[in-house]
>>> print(open('start35.cif').read())   # mmCIF, C-alpha atoms
data_run
#
loop_
_atom_site.group_PDB
_atom_site.id
_atom_site.type_symbol
_atom_site.label_atom_id
_atom_site.label_comp_id
_atom_site.auth_asym_id
_atom_site.auth_seq_id
_atom_site.Cartn_x
_atom_site.Cartn_y
_atom_site.Cartn_z
ATOM 1 C CA MET X 713 -3.017 -57.457 -45.481
ATOM 2 C CA ASN X 714 0.650 -57.058 -44.485
ATOM 3 C CA GLN X 715 3.301 -59.433 -45.742
ATOM 4 C CA THR X 716 4.976 -61.573 -43.093
ATOM 5 C CA LEU X 717 8.351 -63.219 -43.368
ATOM 6 C CA PRO X 718 8.344 -67.024 -43.748
ATOM 7 C CA SER X 719 8.835 -69.401 -40.845
ATOM 8 C CA SER X 720 11.616 -71.375 -42.566
ATOM 9 C CA PRO X 721 15.030 -70.046 -41.425
ATOM 10 C CA ARG X 722 16.482 -70.529 -44.922
ATOM 11 C CA HIS X 723 13.585 -68.691 -46.533
ATOM 12 C CA ARG X 724 14.002 -65.827 -44.066
ATOM 13 C CA GLN X 725 17.719 -65.683 -44.948
ATOM 14 C CA ILE X 726 16.912 -65.567 -48.651
ATOM 15 C CA VAL X 727 14.463 -62.681 -48.214
ATOM 16 C CA THR X 728 16.978 -60.766 -46.089
ATOM 17 C CA LEU X 729 19.850 -61.351 -48.533
ATOM 18 C CA VAL X 730 17.792 -60.251 -51.524
ATOM 19 C CA GLN X 731 16.528 -57.162 -49.667
ATOM 20 C CA GLU X 732 20.058 -56.207 -48.616
ATOM 21 C CA ASN X 733 21.677 -56.721 -52.020
ATOM 22 C CA GLY X 734 18.880 -55.648 -54.344
ATOM 23 C CA PHE X 735 19.437 -58.705 -56.583
ATOM 24 C CA MET X 736 21.048 -62.076 -55.999
ATOM 25 C CA SER X 737 21.678 -64.840 -58.497
ATOM 26 C CA ASN X 738 20.655 -68.437 -57.903
ATOM 27 C CA GLU X 739 24.323 -69.415 -57.772
ATOM 28 C CA ASP X 740 25.252 -66.759 -55.199
ATOM 29 C CA LEU X 741 22.333 -67.732 -52.968
ATOM 30 C CA ALA X 742 23.198 -71.421 -53.245
ATOM 31 C CA GLN X 743 26.829 -70.783 -52.349
ATOM 32 C CA THR X 744 25.978 -68.440 -49.474
ATOM 33 C CA LEU X 745 23.443 -70.820 -47.946
ATOM 34 C CA GLY X 746 25.264 -74.062 -48.716
ATOM 35 C CA VAL X 747 22.485 -75.684 -50.753
ATOM 36 C CA THR X 748 22.033 -76.675 -54.393
ATOM 37 C CA VAL X 749 20.898 -74.324 -57.129
ATOM 38 C CA GLN X 750 17.857 -76.578 -57.622
ATOM 39 C CA THR X 751 16.880 -76.034 -53.977
ATOM 40 C CA ILE X 752 17.233 -72.270 -54.387
ATOM 41 C CA ARG X 753 15.031 -72.322 -57.483
ATOM 42 C CA ARG X 754 12.290 -74.119 -55.526
ATOM 43 C CA ASP X 755 12.685 -71.697 -52.624
ATOM 44 C CA LEU X 756 12.447 -68.667 -54.909
ATOM 45 C CA THR X 757 9.325 -70.013 -56.566
ATOM 46 C CA HIS X 758 7.690 -70.442 -53.151
ATOM 47 C CA LEU X 759 8.743 -66.975 -51.959
ATOM 48 C CA ALA X 760 7.679 -65.298 -55.200
ATOM 49 C CA ASP X 761 4.260 -66.982 -54.987
ATOM 50 C CA ALA X 762 3.957 -65.567 -51.456
ATOM 51 C CA GLY X 763 4.784 -62.074 -52.755
ATOM 52 C CA LEU X 764 7.949 -61.779 -50.669
ATOM 53 C CA LEU X 765 10.313 -61.264 -53.597
ATOM 54 C CA ALA X 766 10.296 -61.027 -57.374
ATOM 55 C CA ARG X 767 11.806 -63.973 -59.237
ATOM 56 C CA TYR X 768 13.668 -63.454 -62.499
ATOM 57 C CA HIS X 769 15.647 -65.711 -64.789
ATOM 58 C CA GLY X 770 18.783 -66.550 -62.859
ATOM 59 C CA GLY X 771 17.885 -64.952 -59.534
ATOM 60 C CA ALA X 772 15.586 -62.703 -57.514
ATOM 61 C CA SER X 773 15.120 -59.082 -56.468
ATOM 62 C CA PRO X 774 13.000 -57.449 -53.734
ATOM 63 C CA SER X 775 9.270 -57.491 -54.247
ATOM 64 C CA SER X 776 7.716 -54.300 -55.595
ATOM 65 C CA SER X 777 4.455 -55.065 -53.811
ATOM 66 C CA VAL X 778 2.265 -52.131 -52.838
ATOM 67 C CA GLU X 779 1.855 -53.687 -49.381
ATOM 68 C CA ASN X 780 4.249 -53.026 -46.556
ATOM 69 C CA ILE X 781 5.973 -55.723 -44.512
ATOM 70 C CA ALA X 782 4.637 -56.106 -40.983
ATOM 71 C CA TYR X 783 6.231 -53.790 -38.413
ATOM 72 C CA THR X 784 7.734 -56.545 -36.257
ATOM 73 C CA GLU X 785 9.532 -58.006 -39.276
ATOM 74 C CA ARG X 786 10.607 -54.570 -40.559
ATOM 75 C CA ARG X 787 12.138 -53.791 -37.193
ATOM 76 C CA GLY X 788 14.543 -56.710 -37.561
ATOM 77 C CA LEU X 789 15.422 -56.146 -41.223
ATOM 78 C CA HIS X 790 18.690 -54.304 -41.967
ATOM 79 C CA SER X 791 19.080 -53.325 -38.307
ATOM 80 C CA ARG X 792 22.824 -52.734 -38.663
ATOM 81 C CA ALA X 793 22.285 -50.365 -41.596
ATOM 82 C CA LYS X 794 19.529 -48.538 -39.722
ATOM 83 C CA ASP X 795 21.735 -48.112 -36.647
ATOM 84 C CA ALA X 796 24.549 -46.726 -38.817
ATOM 85 C CA ILE X 797 22.145 -44.312 -40.532
ATOM 86 C CA GLY X 798 20.753 -43.248 -37.160
ATOM 87 C CA ALA X 799 24.225 -42.551 -35.788
ATOM 88 C CA VAL X 800 25.177 -40.365 -38.761
ATOM 89 C CA ALA X 801 21.882 -38.468 -38.639
ATOM 90 C CA ALA X 802 22.247 -37.874 -34.894
ATOM 91 C CA ARG X 803 25.493 -36.007 -35.556
ATOM 92 C CA LEU X 804 23.533 -33.459 -37.600
ATOM 93 C CA ILE X 805 21.482 -32.476 -34.536
ATOM 94 C CA PRO X 806 23.095 -30.049 -32.061
ATOM 95 C CA ASP X 807 22.322 -29.982 -28.359
ATOM 96 C CA GLY X 808 19.374 -27.749 -27.565
ATOM 97 C CA ALA X 809 17.715 -28.276 -30.949
ATOM 98 C CA SER X 810 14.023 -28.721 -31.697
ATOM 99 C CA LEU X 811 13.020 -31.536 -34.047
ATOM 100 C CA PHE X 812 10.175 -33.600 -35.434
ATOM 101 C CA ILE X 813 10.591 -37.388 -35.649
ATOM 102 C CA ASN X 814 8.052 -39.421 -37.595
ATOM 103 C CA ILE X 815 6.953 -43.068 -37.766
ATOM 104 C CA GLY X 816 9.421 -45.761 -38.830
ATOM 105 C CA THR X 817 11.993 -48.266 -37.704
ATOM 106 C CA THR X 818 14.871 -46.172 -39.093
ATOM 107 C CA THR X 819 13.725 -43.059 -37.249
ATOM 108 C CA GLU X 820 13.552 -45.192 -34.096
ATOM 109 C CA ALA X 821 17.203 -46.152 -34.634
ATOM 110 C CA PHE X 822 17.947 -42.437 -34.988
ATOM 111 C CA ALA X 823 16.136 -41.740 -31.710
ATOM 112 C CA ARG X 824 18.256 -44.345 -29.937
ATOM 113 C CA ALA X 825 21.361 -42.593 -31.252
ATOM 114 C CA LEU X 826 20.359 -39.342 -29.537
ATOM 115 C CA THR X 827 21.083 -40.639 -26.031
ATOM 116 C CA GLY X 828 24.256 -38.538 -25.792
ATOM 117 C CA HIS X 829 22.443 -35.313 -26.640
ATOM 118 C CA ARG X 830 21.179 -32.743 -24.164
ATOM 119 C CA ASP X 831 18.231 -30.358 -23.948
ATOM 120 C CA LEU X 832 16.323 -31.507 -27.022
ATOM 121 C CA HIS X 833 12.730 -30.508 -27.781
ATOM 122 C CA VAL X 834 11.120 -33.403 -29.668
ATOM 123 C CA ILE X 835 7.717 -33.503 -31.386
ATOM 124 C CA THR X 836 6.768 -36.995 -32.567
ATOM 125 C CA ASN X 837 3.880 -39.161 -33.715
ATOM 126 C CA ASN X 838 5.809 -42.309 -32.833
ATOM 127 C CA LEU X 839 5.099 -43.843 -29.422
ATOM 128 C CA HIS X 840 8.343 -45.848 -29.495
ATOM 129 C CA VAL X 841 10.346 -42.649 -29.926
ATOM 130 C CA ALA X 842 8.442 -40.957 -27.108
ATOM 131 C CA ALA X 843 9.049 -43.960 -24.841
ATOM 132 C CA ALA X 844 12.785 -43.859 -25.580
ATOM 133 C CA PHE X 845 12.931 -40.279 -24.283
ATOM 134 C CA ALA X 846 10.449 -40.628 -21.415
ATOM 135 C CA GLY X 847 13.110 -40.834 -18.708
ATOM 136 C CA ARG X 848 15.112 -37.831 -19.899
ATOM 137 C CA ARG X 849 14.587 -34.842 -17.617
ATOM 138 C CA ASP X 850 16.418 -32.515 -20.019
ATOM 139 C CA PHE X 851 14.306 -33.542 -23.048
ATOM 140 C CA ARG X 852 10.940 -31.952 -23.705
ATOM 141 C CA THR X 853 8.922 -34.510 -25.617
ATOM 142 C CA VAL X 854 5.573 -33.708 -27.213
ATOM 143 C CA ILE X 855 3.369 -36.511 -28.551
ATOM 144 C CA ALA X 856 1.025 -35.654 -31.410
ATOM 145 C CA GLY X 857 -2.641 -36.243 -30.675
ATOM 146 C CA GLY X 858 -4.484 -38.782 -32.793
ATOM 147 C CA LEU X 859 -5.291 -42.446 -33.289
ATOM 148 C CA VAL X 860 -2.684 -44.912 -31.995
ATOM 149 C CA ARG X 861 -2.075 -47.865 -34.327
ATOM 150 C CA PRO X 862 -1.541 -50.958 -32.199
ATOM 151 C CA GLN X 863 0.621 -52.705 -34.798
ATOM 152 C CA ASP X 864 3.446 -50.156 -34.779
ATOM 153 C CA GLY X 865 2.805 -47.440 -32.192
ATOM 154 C CA GLY X 866 2.279 -44.803 -34.864
ATOM 155 C CA ILE X 867 -0.093 -41.915 -34.123
ATOM 156 C CA VAL X 868 -2.046 -41.009 -37.245
ATOM 157 C CA GLY X 869 -5.215 -39.418 -38.545
ATOM 158 C CA ALA X 870 -6.453 -35.862 -38.935
ATOM 159 C CA GLY X 871 -5.783 -35.123 -35.267
ATOM 160 C CA ALA X 872 -2.121 -36.114 -35.584
ATOM 161 C CA THR X 873 -1.632 -34.060 -38.749
ATOM 162 C CA GLU X 874 -3.237 -31.008 -37.144
ATOM 163 C CA SER X 875 -1.219 -31.490 -33.968
ATOM 164 C CA LEU X 876 2.088 -31.670 -35.851
ATOM 165 C CA SER X 877 1.118 -28.592 -37.839
ATOM 166 C CA GLY X 878 0.834 -26.622 -34.600
ATOM 167 C CA PHE X 879 4.618 -26.628 -34.143
ATOM 168 C CA ARG X 880 7.664 -25.230 -35.881
ATOM 169 C CA ALA X 881 11.001 -26.988 -35.431
ATOM 170 C CA GLU X 882 14.576 -26.587 -36.594
ATOM 171 C CA PHE X 883 14.751 -30.160 -37.921
ATOM 172 C CA GLY X 884 12.307 -32.657 -39.356
ATOM 173 C CA VAL X 885 13.678 -36.200 -39.368
ATOM 174 C CA ILE X 886 11.583 -38.553 -41.481
ATOM 175 C CA GLY X 887 11.685 -42.094 -42.796
ATOM 176 C CA ILE X 888 10.240 -43.272 -46.081
ATOM 177 C CA SER X 889 9.105 -46.571 -47.619
ATOM 178 C CA GLY X 890 10.272 -46.083 -51.196
ATOM 179 C CA ILE X 891 12.240 -43.766 -53.473
ATOM 180 C CA GLU X 892 11.855 -43.584 -57.236
ATOM 181 C CA GLU X 893 14.852 -43.025 -59.513
ATOM 182 C CA ASP X 894 13.521 -39.554 -60.341
ATOM 183 C CA GLY X 895 13.614 -38.588 -56.656
ATOM 184 C CA THR X 896 9.932 -39.046 -55.835
ATOM 185 C CA LEU X 897 9.445 -40.006 -52.172
ATOM 186 C CA LEU X 898 6.808 -42.682 -51.582
ATOM 187 C CA ASP X 899 4.942 -44.373 -48.757
ATOM 188 C CA PHE X 900 2.213 -46.952 -48.296
ATOM 189 C CA ASP X 901 -0.183 -45.317 -45.871
ATOM 190 C CA LEU X 902 -2.158 -42.131 -46.582
ATOM 191 C CA ASP X 903 -2.255 -41.155 -42.915
ATOM 192 C CA GLU X 904 1.529 -41.481 -42.618
ATOM 193 C CA ILE X 905 1.950 -39.443 -45.799
ATOM 194 C CA GLN X 906 -0.134 -36.575 -44.397
ATOM 195 C CA CYS X 907 1.913 -36.552 -41.185
ATOM 196 C CA ALA X 908 5.217 -36.605 -43.089
ATOM 197 C CA ARG X 909 4.058 -33.721 -45.277
ATOM 198 C CA ALA X 910 3.118 -31.707 -42.190
ATOM 199 C CA ILE X 911 6.603 -32.273 -40.777
ATOM 200 C CA MET X 912 8.260 -31.217 -44.039
ATOM 201 C CA ARG X 913 6.174 -28.039 -44.142
ATOM 202 C CA HIS X 914 6.966 -27.009 -40.584
ATOM 203 C CA ALA X 915 10.650 -27.957 -40.254
ATOM 204 C CA ARG X 916 13.376 -25.540 -41.302
ATOM 205 C CA ARG X 917 15.701 -28.406 -42.306
ATOM 206 C CA VAL X 918 14.379 -31.813 -43.392
ATOM 207 C CA VAL X 919 16.567 -34.901 -42.950
ATOM 208 C CA LEU X 920 15.503 -38.024 -44.839
ATOM 209 C CA LEU X 921 16.633 -41.422 -43.534
ATOM 210 C CA ALA X 922 16.454 -44.437 -45.879
ATOM 211 C CA ASP X 923 18.569 -47.533 -46.427
ATOM 212 C CA HIS X 924 19.464 -48.727 -49.927
ATOM 213 C CA THR X 925 16.551 -51.189 -50.174
ATOM 214 C CA LYS X 926 14.085 -48.292 -50.416
ATOM 215 C CA PHE X 927 15.212 -47.785 -54.015
ATOM 216 C CA SER X 928 13.738 -51.191 -54.922
ATOM 217 C CA ARG X 929 10.356 -50.658 -53.249
ATOM 218 C CA HIS X 930 7.477 -48.948 -55.013
ATOM 219 C CA PRO X 931 4.581 -47.816 -52.790
ATOM 220 C CA VAL X 932 1.874 -45.897 -54.597
ATOM 221 C CA GLY X 933 1.520 -42.883 -52.276
ATOM 222 C CA ARG X 934 3.544 -39.745 -53.047
ATOM 223 C CA VAL X 935 5.021 -37.913 -50.070
ATOM 224 C CA GLY X 936 7.087 -35.365 -51.977
ATOM 225 C CA ASP X 937 10.374 -35.158 -53.845
ATOM 226 C CA LEU X 938 13.991 -34.168 -53.341
ATOM 227 C CA SER X 939 13.104 -30.471 -53.389
ATOM 228 C CA ASN X 940 11.376 -31.011 -50.028
ATOM 229 C CA ILE X 941 14.486 -32.234 -48.188
ATOM 230 C CA HIS X 942 17.891 -30.849 -47.263
ATOM 231 C CA ASP X 943 19.864 -33.906 -46.138
ATOM 232 C CA PHE X 944 19.701 -37.544 -47.239
ATOM 233 C CA VAL X 945 21.258 -40.170 -44.964
ATOM 234 C CA THR X 946 21.630 -43.666 -46.396
ATOM 235 C CA ASP X 947 23.899 -46.686 -45.976
ATOM 236 C CA ARG X 948 25.268 -47.058 -49.527
ATOM 237 C CA LEU X 949 26.290 -44.736 -52.320
ATOM 238 C CA PRO X 950 23.279 -44.372 -54.669
ATOM 239 C CA GLN X 951 23.513 -44.727 -58.435
ATOM 240 C CA PRO X 952 25.343 -41.846 -60.206
ATOM 241 C CA GLU X 953 22.110 -40.613 -61.788
ATOM 242 C CA PHE X 954 20.464 -40.282 -58.393
ATOM 243 C CA CYS X 955 23.524 -38.558 -56.934
ATOM 244 C CA ALA X 956 23.266 -36.039 -59.753
ATOM 245 C CA ARG X 957 19.620 -35.423 -58.843
ATOM 246 C CA LEU X 958 20.616 -34.870 -55.212
ATOM 247 C CA GLU X 959 23.218 -32.325 -56.275
ATOM 248 C CA ALA X 960 20.774 -30.546 -58.590
ATOM 249 C CA ALA X 961 18.276 -30.290 -55.706
ATOM 250 C CA ASN X 962 20.991 -29.025 -53.292
ATOM 251 C CA VAL X 963 20.523 -32.053 -51.043
ATOM 252 C CA THR X 964 23.541 -33.069 -48.948
ATOM 253 C CA LEU X 965 24.303 -36.803 -49.048
ATOM 254 C CA HIS X 966 25.537 -38.516 -45.873
ATOM 255 C CA ILE X 967 26.856 -42.099 -45.842
ATOM 256 C CA PRO X 968 28.225 -43.806 -42.682
ATOM 257 C CA ASP X 969 31.565 -44.848 -44.213
ATOM 258 C CA ARG X 970 32.135 -41.297 -45.458
ATOM 259 C CA ASP X 971 30.834 -39.450 -42.415
#
>>> encode(input="start35.cif", output="structure tokens")
Amino acid sequence: MNQTLPSSPRHRQIVTLVQENGFMSNEDLAQTLGVTVQTIRRDLTHLADAGLLARYHGGASPSSSVENIAYTERRGLHSRAKDAIGAVAARLIPDGASLFINIGTTTEAFARALTGHRDLHVITNNLHVAAAFAGRRDFRTVIAGGLVRPQDGGIVGAGATESLSGFRAEFGVIGISGIEEDGTLLDFDLDEIQCARAIMRHARRVVLLADHTKFSRHPVGRVGDLSNIHDFVTDRLPQPEFCARLEAANVTLHIPDRD
């Protein structure tokens, strides 16, 4: 069952702050939210019991649950970072290019950033991406065949994987749910993993989009590793060890403030 964010506005703020910062102390949360440390401790206990974050002595970090957060909540989380990532990634795509775009709220932000482009040929298994391009006469948009998931508009299953595999594109733009320190790319859903792998196999240049919180999430499904991608677009500079892995794998790092 998917996690859902709490109804309490303060609890929602706590989850968002912890997700955005990776770790926050009790004192920092109390000061930011204008409540006592004792109140924060009670809040963190409640949120940890609900599986929405991991509580440690002195503070909390994002949950490492193997379950994904519901799509509607994910769409609202870190929207500014996702828009910034999408804008940087869009600058990598020239007019007239062909590209795959997979399922995810960050790839949807990327799709919105393509409004100034012309003559694109898009292959996608994301209904929201297809809808964003539906009115463009100069875009040629192909939707992968398969099962439509009502909760997020993703098109998955064997039919979708086979459909994606029937194309070859210059770019493959993919999102991900988690990244290990060793560069392993992870996701929650087996169907999504198969579709992402098909895109990576059939794109000449693979662009990975992921905000900094993906380094603190640990799904159990392996999509691939850094050797499968060419560009990594994120919102914050990763740890030095990870940057070294990117360099060793010849992956170009793109960060909004730098690009």
>>> closest_atom_pairs(input="start35.cif", of="segment 834-921 of chain X", to="segment 960-971 of chain X", cutoff="12 Å", atoms="all atoms listed in the file", output="CSV")
residue,atom,partner,partner_atom,distance
X:Asp894,CA,X:Ala961,CA,11.4
X:Gly895,CA,X:Ala961,CA,9.6
X:Arg917,CA,X:Val963,CA,10.6
X:Val918,CA,X:Val963,CA,9.8
X:Val919,CA,X:Thr964,CA,9.4
X:Leu920,CA,X:Leu965,CA,9.8
X:Leu921,CA,X:His966,CA,9.7
>>> closest_residue(input="start35.cif", among="X:Ala922, X:Ile813, X:Met912, X:Ala872", to="Val800 of chain X", atoms="all atoms listed in the file")
X:Ala922
>>> resolve_selection(input="start35.cif", expression="the PyMOL selection byres ((chain X and resi 885-892) around 7)", output="ChimeraX atom specification")
/X:812-816,818-819,883-884,893-900,908,918-922,926-927,929-931
>>> closest_residue(input="start35.cif", among="X:Arg754, X:Gly857, X:Gly771, X:Gln863", to="Phe735 of chain X", atoms="all atoms listed in the file")
X:Gly771
>>> closest_atom_pairs(input="start35.cif", of="segment 863-887 of chain X", to="segment 821-842 of chain X", cutoff="6 Å", atoms="all atoms listed in the file", output="Markdown table")
| residue | atom | partner | partner_atom | distance |
| --- | --- | --- | --- | --- |
| X:Gly865 | CA | X:Leu839 | CA | 5.1 |
| X:Gly866 | CA | X:Asn838 | CA | 4.8 |
| X:Ile867 | CA | X:Asn837 | CA | 4.9 |
>>> closest_residue(input="start35.cif", among="X:Ser939, X:Glu882, X:Ile752, X:Leu859", to="Gly808 of chain X", atoms="all atoms listed in the file")
X:Glu882
>>> atom_distance(input="start35.cif", atom1="atom CA of Arg861 of chain X", atom2="atom CA of Leu729 of chain X")
29.4 Å
>>> atom_distance(input="start35.cif", atom1="atom CA of Asp923 of chain X", atom2="atom CA of Ala793 of chain X")
6.7 Å
